[in-house]
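Below is one structure; the comments refer to it alone.
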Amino acid sequence: MSLLSVEGLTIALPPGGERAYAIEDVSLTLDAGEILCVVGESGSGKSMTASAVMGLVPPGLPVVSGRIVFEGTDLLRLSPEQMRALRGRRLGMVFQEPMTALNPLMTVGEQIAEVFRVHGKTGNLQSRVLRLLEDVRLPDPPALLGSYPFRLSGGQRQRVMIAMALALGPAVLIADEPTTALDVTTQMQILRLIRALQQEKGTGVLFITHDFGVVAEIADRVAVMQHGRIVEQGPAAKVLNAPQHPYTRALIDAVPHGTARATATGGAEVLRLDGVRKTFRRGGGLFRRGSAVVAVKDARFSLAKGETLGLVGESGSGKSTLARCVVRLFEPDGGTVAFHGTDLLALSRSAMKPYRRRIQMVFQDPYASLNPRRKVGDIIAGGPLTHGVPRAAAIAKAKDLLRLVQLDAGSLDRYPHEFSGGQRQRIGLARALALDPELLIADEPVSALDVSVQAQVLALLDDIRHRLGLTMLFITHDLRVAAQVCDRIAVMQRGEIVEMGDTAQVFGSPRHAYTRELLDAIPGKHWMPPRLAA
Amino acid sequence: MGAGRLLRFLARRLVKAAIVVLAIVVFQFVLIRLAPGDPASVIAGQSGAADAEFMAQLRAQFGLDRPLHEQLWIYVKGVLTLDLGFSHRQQAPVAALIWERLPATLLLTGVAFLFAISAGVALGVAAARRVGRPTDSLITVVALTFYATPIFWVGLLLVLVFSVWLEWLPSFGMYSVGADLTGFAHAFDVGRHLILPSITLGLFFLAIYARLARASMLEVADQDFVRTAHAKGVPEGRIIRAHVLRNALLPVITFAGIQAGQLVGGSILVETVFAWPGIGRLAFDALLQRDYAVLLGVFFCTAVMVVLFNLITDLLYAVIDPRVEVA
Amino acid sequence: MADFWRRFHRNIGAVAGLVILAIVGLTAVLAPILFPFSPWEMRGVPFMPPGEMGFLLGSDSLGRDVAAGIAHGTVVSLLVGGVSTVAALAIGITLGAVAGYAGGRVDDAVMRFTEFFQTIPSFVLAVVLVAIFTPSITSIVIAIAIVSWPPVTRVVRAEFLSLRAREFVQAAEVLGRSRLAIMLTEILPNALSPIIVLASLMVATAILLESALSFLGLGDPNLMSWGFMIGAGRSVIRLAWWMSVFPGIAIFLTVLALNLVGEGLNDALNPRLARRRGMVVT
């Protein structure tokens, strides 16, 4: 008999929602000692399924039908008090966002000890808490006991969460996208930790994710969800390498295939950075020295016409800061940014303006990069209008661009909130292209998008790049995306460029230890996504 | 939550408070200079302006014939040594007048504040726990009502109902005149006189704290760490007490500090209505008598009270929230 | 726009508040018609209870019509409330926008200044200001504006700080738009919602402040206002409770209505994400 068995579970959405049911007729099983990955894009209902097992579905979403059988009992038939007794003791859960998952006013030790206390365990809790902290490989457990969460990094907080979830040795651990908000290297550490703990204690793990790489890395079995239904289920090897359902096939096909592309032939030099540095100062008042964060240390690289240089690194590496220094959204503390020979940093604000036509930027967050109170047409035409193009011509150009990014002309009169994430990124791209720039800086343009949409936007970007002969500086944290898109790659760590070279060389024979660490941390790197004619 | 950290914090805040007090004195100086007429006549007020000798004395004292920055220095030095001037009308130093009345105001505002914050937070928490249900609506409506009524009018209404019509409570003063009570009986007498004024002053702020506490509880209840607590199997009662309430109180403490000024200002109105012998009443009399030396003295005193109160609330916040003042 | 009205409509309190405000506004406009005489005019026997001798709400210690006083006082309250709020908004928005957009030292300086002003007890300062500069409607409006601008600055600064870091503002900078254009066309329209809500609450506070000042005798001596009437009735409250009660009710209703409308505006202008997009499924 399975440890956990969800049978035909259906949960309704309130009337007027995007569809009738949050999840519909969902059935899956989890055995002891195995990891089941539930994969899907946003809106697929995967998190809802996880919440349902824990009895944490938000009020207002009734269970219409189905059972959730855990160790022989139907959880849906239990009283709230009985369910509460199971939570934390037999069922543990870890959530996605570690930075807000811990009570900021209680020490780490108190919060872990709380698990024991509320389930009636007394006695020497301190030693048990210390042992848990060691189990999750946290440094200096005795010091951590009295520490407050704000002193811990995201990865460390996530380990604390795992410690709390596994404190009483539950039979099932539910992990709802626990590594999505973490850096690649931290993610790999947490994945390995979960795998190790699970094997040690024989826990069954229900792992929610949107990343097929993670699935390839740890899953024993996989369930794929779309629009609230499970479309395919089976052993990992089978689903990953020979997917049956068209949606699964489309998703796997959209995973960046990570094969290095051919190097672009050298053209004239467009951009050259030398010695650029930027330090941020924080705090500091009348009586206190503030703290200084060195975001970028002595960056230097050059870009030739038509090529795409990738700036790759984890959060805090300085890649976004460096990109913003090129367009002077931040003013660097030193160095030169030479565009066709002219140092942009030496220009005054008004002297800079004509250069702005030639360097444009695409941003990461589709929900924050468009002014919600302006129509799409105004947004796209905004650039040309600022640079003196008459209104009629600007609007005509906007129409052309909408066609180029594969949106219909009627979008001109609509507002951003009427579009999806992927569509908004296309609008952002159109806005950047409206001035016919030579150099396009793309700051994580697809990181906030679902996998299938990601592939479409990347394909569009590639197409436009070739058609318009754009030079591109592409910032990303995702090595697989970088491999697919970039000619050359610069790896950044803590503000410094530690390695730079052709994509093939950086991936094939990395020289710097950090690059090797990054490559090693790519989840599921041993898995070659099958090329499917979808 | 080390003691060392707190002490450093306290030291920094004390220095900051001192600077603010200095700035207030300079501000007062600027105000006096901006007023129509020469500073001496402003300070002397109506009665003092008639007395030529007094005016000459004032002019010499303020050094009105000296350059501006010297005048500023004289003024600042005066105020900081608690020489707040002389009230011609009452023939007494302003500082002495204020010192005499200060305890009464501290008693009134202290009791009103404690009443407002304890009852307000209790009501706010109760409303948040039963959000959407009739209790919540009732508390919200009641809070809104208290918030919308002028403090002085509430005072008059309470006097009307409880003193004039029902004759349950005394309507003015701090103690029964001529009764000559001592010890416990005296305290009880003062207490009886304290009820209406402190409720009057407190109701407005009770409404504010109730609404703030309610909003804060609802916002905190929505946060991720509360969901984590549920996932750990923590029972509802403990979640509210140990997780939600503690975090929800932080904005209330901050707000209490910001509201301190209004609380002190409100005491002028309440003391006027109830003839309570505090500095608020003193200020009202000074207004009637055009005795601006006293008025400015009360202004300075209330500003210092607010600075000290803010210091206490900041310290309390730093004790509760370990994230404060960590470089 | 239609969306906004629909959300506003759903809030019964807000609609009730709007109705009350309409009545108040109407009273202000119709006052010279309903009571075509000065409220200072002695119209009859003093201390008449409400309903007697043609005094709808009674007469005061000098035989003046309480109802007329309330009606004419409406104009004063609304005028003082409105003008002082506009002035405070002008000061607060300018300072807040500059502080939020410029950041750095400018922001620090403005914030220190604002914090200092908030430390000073606002009502006491208003009393001192009006007293020193002699009471008149001008000095009252200026005094209220001077003590009311700090919260506006804080709100506007917070909005500008957060919006300035938003990517669509960064995009505008990369496009080469001028700083002023960015502040006015990109940031300000998105910062309006909290400002509008704050404005309605500020009018309410201003009316309370004005009535408190008048109660203490610091009102404009030529204008009959609600606070003054309550103050005049204070010493004779045993004899003539109507002198103090009715003007107080007027203040209460107006301030309540403004608060209800303010909350309605808040709900309508800032619908929480979950409510707007239906339940978000993950």
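Each chain in the structure tokens gets a letter, A, B, ..., in the order shown, and its residues are numbered from 1; ligands are numbered from 1 in order too.
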Practice task
Give me, as a PyMOL selection string, the contact residues of chain B against chain A at a cut-off of 12 Å, counting only C-alpha atoms.
Solution key: chain B and resi 1-2+8-9+11-16+19+220-239+242-250+317-327
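All chain B residues having an atom within 7 Å of chain C, based on only C-alpha atoms, amount to Val20, Ala35, Pro36, Ala148, Thr149, Pro150, Trp153, Val164, Gly261, Gln262, Val264, Gly265, Phe299, Thr302, Ala303, Val306 and Val307 of chain B.
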Problem - DSSP strand (DSSP E or B) residues within stretch 41-265 of chain C, listed as a PyMOL selection string - result: chain C and resi 42+59+64-65
Quick one: write out the picked residues with C-alpha atoms as a PDB file, in the first residue's frame?
```
ATOM      1  CA  MET C  42     -30.010  88.513  17.576  1.00  0.00           C
ATOM      2  CA  SER C  59     -31.283  79.946  20.401  1.00  0.00           C
ATOM      3  CA  ARG C  64     -28.965  84.055  18.016  1.00  0.00           C
ATOM      4  CA  ASP C  65     -30.315  81.251  15.847  1.00  0.00           C
TER       5      ASP C  65
END
```
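Atom CA of B:Thr200 is found 20.5 Å from atom CA of B:Asp285.
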With only C-alpha atoms considered, list every residue of chain A at most 6 Å from chain C, as a PDB file with C-alpha atoms, in the first residue's frame.
```
ATOM      1  CA  GLY A  17     -11.966  32.827 -11.635  1.00  0.00           C
ATOM      2  CA  SER A  42       2.416  28.736 -13.125  1.00  0.00           C
ATOM      3  CA  GLY A  43      -1.308  28.187 -12.814  1.00  0.00           C
ATOM      4  CA  GLY A  45      -2.304  23.705  -9.725  1.00  0.00           C
ATOM      5  CA  SER A  47       1.125  24.092  -5.335  1.00  0.00           C
ATOM      6  CA  LYS A 353      20.982  61.874 -24.880  1.00  0.00           C
ATOM      7  CA  ARG A 356      20.660  56.806 -25.782  1.00  0.00           C
ATOM      8  CA  ALA A 368       7.114  46.034 -13.381  1.00  0.00           C
ATOM      9  CA  SER A 369       8.703  47.091 -16.648  1.00  0.00           C
ATOM     10  CA  LEU A 370       5.629  48.721 -18.210  1.00  0.00           C
ATOM     11  CA  ASN A 371       3.887  51.795 -16.800  1.00  0.00           C
ATOM     12  CA  GLY A 383      11.225  56.700 -27.064  1.00  0.00           C
TER      13      GLY A 383
END
```
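For the residues B:Leu102, B:Ala179, B:Leu31, B:Leu269, ranking by smallest atom-to-atom distance to B:Tyr292 using only C-alpha atoms places B:Leu31 first.
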Handout entry: Long-range neighbours of C:Ala97 as an MDAnalysis selection string, 7 Å cut-off, only C-alpha atoms, 2 positions minimum in chain
Key = chainID C and resid 93:95 99:101 156:157 160
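Across the structure, atom CA of B:Ala104 and atom CA of B:Leu288 are spaced 20.8 Å apart.
Among the candidates B:Ala60, B:Ala3, B:Leu315, B:Ile98, the residue lying nearest to B:Val294 is B:Ile98 (atoms considered: only C-alpha atoms).
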Handout entry: Neighbour list for stretch 86-96 of chain B as a ChimeraX atom specification, cut-off 12 Å, only C-alpha atoms, skip fewer than 4 positions in-chain
Key = /B:40-41,43-55,57-58,61,78-82,100-102,279,282-283,285-301
Keeping C-alpha atoms for every residue in the selection just given, could you write it to a file as a PDB file, in the first residue's frame?
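Result file part11.pdb:
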```pdb
ATOM      1  CA  ALA B  40       9.991  91.922  23.652  1.00  0.00           C
ATOM      2  CA  SER B  41       6.390  92.876  23.153  1.00  0.00           C
ATOM      3  CA  ILE B  43       7.104  87.847  25.034  1.00  0.00           C
ATOM      4  CA  ALA B  44       5.697  90.392  27.411  1.00  0.00           C
ATOM      5  CA  GLY B  45       2.206  89.910  26.179  1.00  0.00           C
ATOM      6  CA  GLN B  46      -0.560  92.407  26.654  1.00  0.00           C
ATOM      7  CA  SER B  47      -0.231  93.094  30.337  1.00  0.00           C
ATOM      8  CA  GLY B  48       3.495  93.276  30.341  1.00  0.00           C
ATOM      9  CA  ALA B  49       3.595  95.623  27.388  1.00  0.00           C
ATOM     10  CA  ALA B  50       1.919  98.264  29.481  1.00  0.00           C
ATOM     11  CA  ASP B  51       4.641  98.219  32.073  1.00  0.00           C
ATOM     12  CA  ALA B  52       7.472 100.273  30.634  1.00  0.00           C
ATOM     13  CA  GLU B  53      10.024  99.248  33.206  1.00  0.00           C
ATOM     14  CA  PHE B  54       9.314  95.602  32.563  1.00  0.00           C
ATOM     15  CA  MET B  55       9.708  96.122  28.832  1.00  0.00           C
ATOM     16  CA  GLN B  57      14.171  94.975  31.476  1.00  0.00           C
ATOM     17  CA  LEU B  58      13.122  92.456  28.848  1.00  0.00           C
ATOM     18  CA  GLN B  61      17.724  90.747  28.984  1.00  0.00           C
ATOM     19  CA  GLY B  78      18.265  80.812  28.713  1.00  0.00           C
ATOM     20  CA  VAL B  79      15.908  78.094  27.661  1.00  0.00           C
ATOM     21  CA  LEU B  80      18.426  75.305  28.188  1.00  0.00           C
ATOM     22  CA  THR B  81      19.071  76.455  31.732  1.00  0.00           C
ATOM     23  CA  LEU B  82      15.302  76.313  32.175  1.00  0.00           C
ATOM     24  CA  GLU B 100       3.785  73.265  39.487  1.00  0.00           C
ATOM     25  CA  ARG B 101       1.257  72.077  36.927  1.00  0.00           C
ATOM     26  CA  LEU B 102       3.261  69.441  35.129  1.00  0.00           C
ATOM     27  CA  ILE B 279      -0.115  72.846  31.814  1.00  0.00           C
ATOM     28  CA  LEU B 282      -2.206  77.011  31.985  1.00  0.00           C
ATOM     29  CA  ALA B 283      -1.826  77.474  28.255  1.00  0.00           C
ATOM     30  CA  ASP B 285      -5.386  80.889  30.553  1.00  0.00           C
ATOM     31  CA  ALA B 286      -2.256  82.320  28.958  1.00  0.00           C
ATOM     32  CA  LEU B 287      -4.168  82.567  25.691  1.00  0.00           C
ATOM     33  CA  LEU B 288      -6.972  84.480  27.310  1.00  0.00           C
ATOM     34  CA  GLN B 289      -4.514  86.771  29.044  1.00  0.00           C
ATOM     35  CA  ARG B 290      -2.320  87.175  25.975  1.00  0.00           C
ATOM     36  CA  ASP B 291       0.591  86.042  28.146  1.00  0.00           C
ATOM     37  CA  TYR B 292       2.828  84.606  25.445  1.00  0.00           C
ATOM     38  CA  ALA B 293       5.841  83.981  27.628  1.00  0.00           C
ATOM     39  CA  VAL B 294       3.836  81.293  29.391  1.00  0.00           C
ATOM     40  CA  LEU B 295       2.436  79.989  26.114  1.00  0.00           C
ATOM     41  CA  LEU B 296       5.870  79.540  24.627  1.00  0.00           C
ATOM     42  CA  GLY B 297       7.030  77.944  27.836  1.00  0.00           C
ATOM     43  CA  VAL B 298       4.247  75.370  27.584  1.00  0.00           C
ATOM     44  CA  PHE B 299       5.118  74.816  23.945  1.00  0.00           C
ATOM     45  CA  PHE B 300       8.707  74.034  24.831  1.00  0.00           C
ATOM     46  CA  CYS B 301       7.660  71.778  27.663  1.00  0.00           C
TER      47      CYS B 301
END
```
Exercise for the section: Using only C-alpha atoms, determine which residues lie at most 8 Å from A:Glu438, disregarding the query and same-chain residues fewer than 3 positions distant; provide the list as a PyMOL selection string. Expected result: chain A and resi 358-359+469-471
Practice task
Compile the contact shell of stretch 78-81 of chain C as a list in words: residues with an atom at most 6 Å away, counting only C-alpha atoms, same-chain residues fewer than 6 positions apart removed.
Solution key: Val141, Val203, Ala206 and Ile207 of chain C
Written file, previous selection with N, CA and C atoms, as a CSV table (one decimal), in the first residue's frame:
```
chain,number,residue,atom,x,y,z
C,141,VAL,N,-5.7,79.1,8.4
C,141,VAL,CA,-5.4,78.2,7.2
C,141,VAL,C,-3.9,77.9,7.1
C,203,VAL,N,-8.6,66.6,5.0
C,203,VAL,CA,-9.7,67.6,5.1
C,203,VAL,C,-10.4,67.4,6.4
C,206,ALA,N,-8.3,68.6,9.2
C,206,ALA,CA,-8.3,70.1,9.2
C,206,ALA,C,-9.5,70.7,9.8
C,207,ILE,N,-10.7,70.1,9.5
C,207,ILE,CA,-11.9,70.6,10.1
C,207,ILE,C,-11.9,70.4,11.6
```
Handout entry: Atom pair atom CA of A:Arg281 / atom CA of C:Val155: separation (Å)
Key = 24.3 Å
Practice task
Find the residues around stretch 122-126 of chain B up to 8 Å (only C-alpha atoms counted), leave out those fewer than 3 positions away in its own chain, and share them as a ChimeraX atom specification.
Solution key: /B:118-119,129-130,136,139,209-215,217
Practice task
Pick out each residue of stretch 15-183 of chain B that DSSP on the backbone tags as helix (DSSP H, G or I); I need them as a PyMOL selection string.
Solution key: chain B and resi 15-34+39-50+52-62+68-80+94-129+134-148+151-165+183
Generate a file of the selected residues that holds C-alpha atoms, formatted as a short mmCIF file (atom, residue, chain, number, x, y, z; two decimals), in the first residue's frame.
```cif
data_model
loop_
_atom_site.label_atom_id
_atom_site.label_comp_id
_atom_site.auth_asym_id
_atom_site.auth_seq_id
_atom_site.Cartn_x
_atom_site.Cartn_y
_atom_site.Cartn_z
CA VAL B 15 22.48 62.51 21.57
CA LYS B 16 19.93 62.74 18.78
CA ALA B 17 17.26 63.82 21.27
CA ALA B 18 19.51 66.53 22.60
CA ILE B 19 20.04 67.86 19.10
CA VAL B 20 16.29 67.87 18.48
CA VAL B 21 15.66 69.82 21.67
CA LEU B 22 18.27 72.34 20.59
CA ALA B 23 16.60 72.63 17.21
CA ILE B 24 13.26 73.25 18.93
CA VAL B 25 14.71 76.15 20.90
CA VAL B 26 16.14 77.67 17.75
CA PHE B 27 12.78 77.16 16.07
CA GLN B 28 11.06 79.02 18.90
CA PHE B 29 13.52 81.84 18.50
CA VAL B 30 12.71 82.06 14.79
CA LEU B 31 9.00 82.05 15.55
CA ILE B 32 9.28 84.92 17.97
CA ARG B 33 11.28 86.95 15.47
CA LEU B 34 8.75 86.24 12.71
CA PRO B 39 10.24 90.26 20.30
CA ALA B 40 9.99 91.92 23.65
CA SER B 41 6.39 92.88 23.15
CA VAL B 42 5.61 89.39 21.92
CA ILE B 43 7.10 87.85 25.03
CA ALA B 44 5.70 90.39 27.41
CA GLY B 45 2.21 89.91 26.18
CA GLN B 46 -0.56 92.41 26.65
CA SER B 47 -0.23 93.09 30.34
CA GLY B 48 3.50 93.28 30.34
CA ALA B 49 3.59 95.62 27.39
CA ALA B 50 1.92 98.26 29.48
CA ALA B 52 7.47 100.27 30.63
CA GLU B 53 10.02 99.25 33.21
CA PHE B 54 9.31 95.60 32.56
CA MET B 55 9.71 96.12 28.83
CA ALA B 56 13.05 97.84 29.29
CA GLN B 57 14.17 94.97 31.48
CA LEU B 58 13.12 92.46 28.85
CA ARG B 59 14.90 94.31 26.08
CA ALA B 60 18.10 94.39 28.02
CA GLN B 61 17.72 90.75 28.98
CA PHE B 62 17.23 89.62 25.42
CA LEU B 68 21.33 88.48 15.83
CA HIS B 69 23.56 85.52 16.56
CA GLU B 70 24.28 86.86 20.03
CA GLN B 71 20.57 87.17 20.67
CA LEU B 72 20.16 83.59 19.57
CA TRP B 73 22.90 82.47 21.92
CA ILE B 74 21.33 84.36 24.85
CA TYR B 75 17.95 82.85 24.11
CA VAL B 76 19.22 79.30 23.71
CA LYS B 77 21.29 79.55 26.85
CA GLY B 78 18.27 80.81 28.71
CA VAL B 79 15.91 78.09 27.66
CA LEU B 80 18.43 75.31 28.19
CA VAL B 94 7.31 80.69 33.83
CA ALA B 95 9.37 77.65 34.71
CA ALA B 96 7.93 77.60 38.23
CA LEU B 97 4.37 77.87 36.93
CA ILE B 98 4.94 74.97 34.57
CA TRP B 99 6.72 72.85 37.15
CA GLU B 100 3.78 73.27 39.49
CA ARG B 101 1.26 72.08 36.93
CA LEU B 102 3.26 69.44 35.13
CA PRO B 103 2.43 66.47 37.38
CA ALA B 104 -1.29 66.91 36.81
CA THR B 105 -0.82 66.80 33.04
CA LEU B 106 1.52 63.84 33.24
CA LEU B 107 -1.08 61.98 35.29
CA LEU B 108 -3.85 62.79 32.84
CA THR B 109 -1.97 62.00 29.65
CA GLY B 110 -0.36 58.93 31.17
CA VAL B 111 -3.64 57.40 32.24
CA ALA B 112 -5.34 58.39 28.98
CA PHE B 113 -2.54 56.80 26.95
CA LEU B 114 -2.57 53.55 28.91
CA PHE B 115 -6.33 53.37 28.60
CA ALA B 116 -6.24 54.10 24.88
CA ILE B 117 -3.53 51.65 24.00
CA SER B 118 -4.67 48.72 26.09
CA ALA B 119 -8.34 48.99 25.21
CA GLY B 120 -7.54 49.94 21.62
CA VAL B 121 -5.20 47.03 20.96
CA ALA B 122 -7.57 44.61 22.69
CA LEU B 123 -10.46 45.76 20.51
CA GLY B 124 -8.32 45.71 17.38
CA VAL B 125 -7.11 42.19 18.04
CA ALA B 126 -10.66 41.06 18.79
CA ALA B 127 -11.90 42.59 15.55
CA ALA B 128 -9.09 40.95 13.55
CA ARG B 129 -9.82 37.53 15.00
CA PRO B 134 -20.68 41.22 13.17
CA THR B 135 -18.24 41.81 16.05
CA ASP B 136 -15.69 43.14 13.60
CA SER B 137 -18.19 45.49 11.95
CA LEU B 138 -19.37 46.72 15.32
CA ILE B 139 -15.89 47.47 16.58
CA THR B 140 -14.96 49.17 13.31
CA VAL B 141 -18.04 51.39 13.42
CA VAL B 142 -17.50 52.28 17.07
CA ALA B 143 -13.86 53.12 16.37
CA LEU B 144 -14.80 55.28 13.44
CA THR B 145 -17.33 57.12 15.60
CA PHE B 146 -14.80 57.94 18.30
CA TYR B 147 -12.31 59.00 15.66
CA ALA B 148 -14.70 61.44 14.05
CA ILE B 151 -12.26 65.70 21.69
CA PHE B 152 -13.63 68.79 23.39
CA TRP B 153 -17.16 67.97 22.32
CA VAL B 154 -16.94 64.45 23.69
CA GLY B 155 -15.78 65.96 26.94
CA LEU B 156 -18.77 68.28 27.08
CA LEU B 157 -21.15 65.45 26.25
CA LEU B 158 -19.68 63.25 28.97
CA VAL B 159 -20.01 66.11 31.46
CA LEU B 160 -23.58 66.62 30.36
CA VAL B 161 -24.53 63.00 30.74
CA PHE B 162 -22.49 61.87 33.73
CA SER B 163 -22.24 65.05 35.77
CA VAL B 164 -25.28 67.14 34.98
CA TRP B 165 -27.95 64.56 34.23
CA GLY B 183 -3.63 59.50 51.76
#
```
